[in-house]
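*Asks:* One structure, pasted below without further comment.
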Amino acid sequence: QVQLAESGGGLVQAGGSLGLSCAASGSSSSHYTMAWYRQAPGKQRELVASITSARVAQYGDFAEGRFSISKIYDYTIHLQMNSLKPEDTAVYFCKFQTWVRSEEFWGKGTLVTVSS
């Protein structure tokens, strides 16, 4: 069973920066994708950014140019969020997905609050 340890998040003023990290344990998969999703109250969960084990990254439209995802080392990623806006307020969830079996594992989420 893969477990995800999320860290970071918190309260920041608009225009500020925050970093989120996620570490997966319990997997030996060589090919995987890790991602950050977010869900604001009353809204659907949406992709923030993803990165593969080969370090290929993708971003949600709203994240382009402001957020940056990186693979620190195997099974650990970091999301740097800059120029934060109040609309970025949400619970941010880390996801780990294997390629071979297409198994998905989710973290419990971490709250990011951006004050205006």
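By convention in this document, the chains of the structure tokens carry letters A, B, ... by their order, each chain's residues are numbered from 1, and ligands are numbered from 1 in the order they are shown.
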Would you give me, as an NGL selection string, the residues in chain A that DSSP reads as strand (DSSP E)?

*Replies:* :A and (3-8 or 10-13 or 18-25 or 32-39 or 46-52 or 57-59 or 67-73 or 76-81 or 90-98 or 104-106 or 110-115)

*Asks:* Near Ser7 (chain A), within 7 Å and counting only C-alpha atoms, which residues show up once chain neighbours fewer than 4 positions away are dropped, as a PyMOL selection string?

*Replies:* chain A and resi 20-22

*Asks:* Using only C-alpha atoms, which protein or nucleic acid residues come within 12 Å of region 63-76 of chain A? Drop anything in the same chain fewer than 4 positions from it, and give the result as a short mmCIF file (atom, residue, chain, number, x, y, z; two decimals) with N, CA, C and O atoms, in the first residue's frame.

*Replies:*
data_model
loop_
_atom_site.label_atom_id
_atom_site.label_comp_id
_atom_site.auth_asym_id
_atom_site.auth_seq_id
_atom_site.Cartn_x
_atom_site.Cartn_y
_atom_site.Cartn_z
N VAL A 2 0.66 2.11 -0.97
CA VAL A 2 1.42 3.35 -1.05
C VAL A 2 0.83 4.37 -0.10
O VAL A 2 -0.39 4.54 -0.03
N GLN A 3 1.69 5.05 0.64
CA GLN A 3 1.25 6.12 1.51
C GLN A 3 1.90 7.41 1.07
O GLN A 3 3.06 7.42 0.64
N LEU A 4 1.16 8.50 1.17
CA LEU A 4 1.65 9.80 0.74
C LEU A 4 1.73 10.73 1.94
O LEU A 4 0.76 10.86 2.70
N ALA A 5 2.88 11.37 2.07
CA ALA A 5 3.08 12.34 3.14
C ALA A 5 3.17 13.72 2.53
O ALA A 5 4.11 14.00 1.78
N GLU A 6 2.18 14.54 2.80
CA GLU A 6 2.12 15.90 2.25
C GLU A 6 2.61 16.88 3.31
O GLU A 6 2.36 16.71 4.51
N SER A 7 3.28 17.91 2.86
CA SER A 7 3.74 18.96 3.77
C SER A 7 3.69 20.30 3.06
O SER A 7 3.73 20.37 1.83
N GLY A 15 -0.32 37.46 -3.61
CA GLY A 15 0.97 37.86 -4.16
C GLY A 15 2.14 37.10 -3.57
O GLY A 15 3.26 37.18 -4.08
N GLY A 16 1.90 36.38 -2.51
CA GLY A 16 2.96 35.64 -1.83
C GLY A 16 3.21 34.28 -2.45
O GLY A 16 2.65 33.93 -3.50
N SER A 17 4.07 33.53 -1.79
CA SER A 17 4.49 32.21 -2.30
C SER A 17 4.36 31.15 -1.21
O SER A 17 4.49 31.45 -0.01
N LEU A 18 4.13 29.94 -1.67
CA LEU A 18 4.10 28.78 -0.78
C LEU A 18 4.65 27.58 -1.52
O LEU A 18 4.57 27.53 -2.76
N GLY A 19 5.18 26.63 -0.77
CA GLY A 19 5.65 25.39 -1.38
C GLY A 19 4.97 24.20 -0.75
O GLY A 19 4.71 24.19 0.45
N LEU A 20 4.65 23.23 -1.56
CA LEU A 20 4.06 21.97 -1.10
C LEU A 20 4.97 20.83 -1.50
O LEU A 20 5.48 20.81 -2.63
N SER A 21 5.16 19.90 -0.60
CA SER A 21 5.94 18.71 -0.92
C SER A 21 5.11 17.46 -0.68
O SER A 21 4.21 17.47 0.16
N CYS A 22 5.45 16.43 -1.41
CA CYS A 22 4.75 15.16 -1.26
C CYS A 22 5.74 14.03 -1.45
O CYS A 22 6.49 14.01 -2.44
N ALA A 23 5.77 13.12 -0.49
CA ALA A 23 6.66 11.97 -0.55
C ALA A 23 5.84 10.70 -0.51
O ALA A 23 5.00 10.53 0.38
N ALA A 24 6.07 9.83 -1.47
CA ALA A 24 5.38 8.54 -1.53
C ALA A 24 6.28 7.45 -0.97
O ALA A 24 7.48 7.42 -1.25
N SER A 25 5.69 6.57 -0.20
CA SER A 25 6.43 5.43 0.32
C SER A 25 5.62 4.16 0.09
O SER A 25 4.40 4.20 -0.01
N GLY A 26 6.34 3.04 0.00
CA GLY A 26 5.67 1.76 -0.19
C GLY A 26 5.55 1.31 -1.62
O GLY A 26 4.87 0.32 -1.90
N SER A 27 6.18 2.02 -2.55
CA SER A 27 6.12 1.63 -3.95
C SER A 27 7.52 1.36 -4.47
O SER A 27 8.47 2.03 -4.08
N SER A 28 7.60 0.42 -5.39
CA SER A 28 8.86 0.14 -6.07
C SER A 28 8.71 0.34 -7.58
O SER A 28 9.57 -0.07 -8.35
N SER A 29 7.62 0.98 -7.97
CA SER A 29 7.37 1.20 -9.39
C SER A 29 8.41 2.14 -9.98
O SER A 29 8.73 3.17 -9.40
N SER A 30 8.90 1.79 -11.14
CA SER A 30 9.89 2.64 -11.81
C SER A 30 9.22 3.73 -12.65
O SER A 30 9.83 4.76 -12.91
N HIS A 31 7.99 3.45 -13.06
CA HIS A 31 7.27 4.39 -13.92
C HIS A 31 5.99 4.83 -13.23
O HIS A 31 5.11 4.00 -12.96
N TYR A 32 5.90 6.09 -12.97
CA TYR A 32 4.74 6.61 -12.23
C TYR A 32 4.56 8.09 -12.53
O TYR A 32 5.44 8.75 -13.11
N THR A 33 3.43 8.57 -12.12
CA THR A 33 3.14 10.00 -12.19
C THR A 33 2.70 10.47 -10.81
O THR A 33 1.90 9.81 -10.15
N MET A 34 3.25 11.58 -10.39
CA MET A 34 2.79 12.22 -9.16
C MET A 34 2.22 13.57 -9.52
O MET A 34 2.67 14.22 -10.46
N ALA A 35 1.22 13.97 -8.77
CA ALA A 35 0.51 15.20 -9.13
C ALA A 35 -0.06 15.87 -7.91
O ALA A 35 -0.24 15.26 -6.85
N TRP A 36 -0.34 17.15 -8.09
CA TRP A 36 -1.11 17.92 -7.11
C TRP A 36 -2.43 18.29 -7.75
O TRP A 36 -2.47 18.79 -8.88
N TYR A 37 -3.50 18.04 -7.03
CA TYR A 37 -4.83 18.48 -7.40
C TYR A 37 -5.31 19.43 -6.31
O TYR A 37 -4.75 19.46 -5.21
N ARG A 38 -6.36 20.16 -6.60
CA ARG A 38 -6.93 21.01 -5.57
C ARG A 38 -8.45 21.00 -5.68
O ARG A 38 -9.00 20.75 -6.74
N GLU A 46 -9.56 19.64 -9.29
CA GLU A 46 -8.92 19.93 -10.57
C GLU A 46 -7.42 19.74 -10.48
O GLU A 46 -6.81 19.88 -9.41
N LEU A 47 -6.83 19.44 -11.62
CA LEU A 47 -5.40 19.23 -11.69
C LEU A 47 -4.66 20.56 -11.56
O LEU A 47 -4.97 21.52 -12.26
N VAL A 48 -3.68 20.59 -10.67
CA VAL A 48 -2.80 21.74 -10.56
C VAL A 48 -1.57 21.51 -11.44
O VAL A 48 -1.25 22.32 -12.30
N ALA A 49 -0.89 20.41 -11.19
CA ALA A 49 0.31 20.07 -11.95
C ALA A 49 0.65 18.61 -11.71
O ALA A 49 0.33 18.05 -10.66
N SER A 50 1.28 18.01 -12.69
CA SER A 50 1.73 16.63 -12.57
C SER A 50 3.14 16.51 -13.11
O SER A 50 3.59 17.33 -13.91
N ILE A 51 3.81 15.46 -12.68
CA ILE A 51 5.16 15.20 -13.18
C ILE A 51 5.38 13.70 -13.18
O ILE A 51 4.98 12.99 -12.26
N THR A 52 6.01 13.22 -14.24
CA THR A 52 6.25 11.79 -14.35
C THR A 52 7.59 11.43 -13.72
O THR A 52 8.40 12.30 -13.39
N SER A 53 7.81 10.14 -13.61
CA SER A 53 9.09 9.66 -13.10
C SER A 53 10.25 10.09 -14.01
O SER A 53 11.39 10.18 -13.57
N ALA A 54 9.93 10.41 -15.24
CA ALA A 54 10.94 10.91 -16.18
C ALA A 54 11.00 12.44 -16.19
O ALA A 54 11.65 13.03 -17.04
N ARG A 55 10.31 13.05 -15.24
CA ARG A 55 10.33 14.50 -15.05
C ARG A 55 9.63 15.28 -16.17
O ARG A 55 9.98 16.43 -16.44
N VAL A 56 8.64 14.67 -16.79
CA VAL A 56 7.82 15.40 -17.74
C VAL A 56 6.66 16.03 -16.98
O VAL A 56 5.89 15.31 -16.33
N ALA A 57 6.52 17.33 -17.06
CA ALA A 57 5.53 18.05 -16.25
C ALA A 57 4.38 18.58 -17.10
O ALA A 57 4.55 18.90 -18.28
N GLN A 58 3.23 18.67 -16.46
CA GLN A 58 2.06 19.29 -17.07
C GLN A 58 1.40 20.18 -16.02
O GLN A 58 1.50 19.91 -14.83
N TYR A 59 0.69 21.21 -16.51
CA TYR A 59 0.08 22.17 -15.60
C TYR A 59 -1.37 22.46 -16.00
O TYR A 59 -1.72 22.44 -17.18
N GLN A 80 6.07 24.55 -6.20
CA GLN A 80 6.31 25.93 -5.79
C GLN A 80 5.22 26.81 -6.38
O GLN A 80 5.02 26.81 -7.60
N MET A 81 4.51 27.53 -5.52
CA MET A 81 3.41 28.37 -5.96
C MET A 81 3.75 29.83 -5.69
O MET A 81 4.00 30.21 -4.54
N ASN A 82 3.81 30.60 -6.75
CA ASN A 82 4.14 32.03 -6.65
C ASN A 82 2.96 32.87 -7.11
O ASN A 82 2.04 32.38 -7.77
N SER A 83 3.00 34.15 -6.77
CA SER A 83 1.96 35.10 -7.18
C SER A 83 0.58 34.54 -6.83
O SER A 83 -0.33 34.54 -7.67
N LEU A 84 0.42 34.07 -5.64
CA LEU A 84 -0.83 33.43 -5.24
C LEU A 84 -1.97 34.43 -5.20
O LEU A 84 -1.78 35.62 -4.87
N LYS A 85 -3.16 33.94 -5.54
CA LYS A 85 -4.37 34.74 -5.59
C LYS A 85 -5.39 34.15 -4.62
O LYS A 85 -5.34 32.96 -4.30
N GLU A 87 -8.24 33.20 -5.18
CA GLU A 87 -8.92 32.07 -5.83
C GLU A 87 -8.10 30.80 -5.83
O GLU A 87 -8.58 29.74 -6.24
N ASP A 88 -6.86 30.88 -5.39
CA ASP A 88 -6.05 29.67 -5.24
C ASP A 88 -6.34 28.96 -3.91
O ASP A 88 -5.82 27.87 -3.65
N CYS A 94 -2.23 15.44 -2.97
CA CYS A 94 -1.18 14.78 -3.74
C CYS A 94 -1.72 13.43 -4.25
O CYS A 94 -2.43 12.74 -3.52
N LYS A 95 -1.34 13.09 -5.47
CA LYS A 95 -1.75 11.81 -6.04
C LYS A 95 -0.54 11.09 -6.60
O LYS A 95 0.34 11.70 -7.22
N PHE A 96 -0.51 9.79 -6.37
CA PHE A 96 0.54 8.92 -6.93
C PHE A 96 -0.14 7.88 -7.79
O PHE A 96 -1.08 7.22 -7.34
N GLN A 97 0.31 7.75 -9.02
CA GLN A 97 -0.31 6.78 -9.94
C GLN A 97 0.76 5.96 -10.62
O GLN A 97 1.70 6.51 -11.21
N THR A 98 0.60 4.64 -10.57
CA THR A 98 1.54 3.78 -11.27
C THR A 98 1.10 3.60 -12.71
O THR A 98 -0.08 3.69 -13.03
#

*Asks:* Taking into account only C-alpha atoms, which residue in the set A:Arg45, A:Pro86, A:Ile77, A:Tyr92 is nearest to Ser115 (chain A)?

*Replies:* A:Pro86

*Asks:* Which value, in Å to one decimal, gives the distance between CA of Ala14 (chain A) and CA of Phe93 (chain A)?

*Replies:*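 Straight-line distance from CA of Ala14 (chain A) to CA of Phe93 (chain A) works out to 20.8 Å.
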
*Asks:* If you measure from CA of Leu11 (chain A) to CA of Glu104 (chain A), what distance in Å do you get, rounded to one decimal?

*Replies:*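 Computing the Euclidean distance for CA of Leu11 (chain A) and CA of Glu104 (chain A) yields 28.6 Å.
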
*Asks:* Work out how far CA of Gln44 (chain A) is from CA of Phe105 (chain A), in Å to one decimal.

*Replies:*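 Between CA of Phe105 (chain A) and CA of Gln44 (chain A) the gap works out to 18.0 Å.
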
*Asks:* For Leu111 (chain A), list every protein, DNA or RNA residue within 8 Å, evaluated using only C-alpha atoms, and leave out those in the same chain fewer than 4 positions away; present the list as number ranges by chain.

*Replies:* A: 9-10, 89-92

*Asks:* Once you have the residues from the selection above, write them out as a compact mmCIF listing (two decimals), in the first residue's frame, restricted to C-alpha atoms.

*Replies:*
# COMPACT_ATOMS: atom_id res chain seq x y z
CA GLY A 9 0.49 24.80 2.82
CA GLY A 10 -0.92 27.31 5.25
CA THR A 89 -7.53 28.95 -1.82
CA ALA A 90 -8.34 25.25 -1.68
CA VAL A 91 -7.39 21.93 -0.21
CA TYR A 92 -4.47 20.58 -2.18
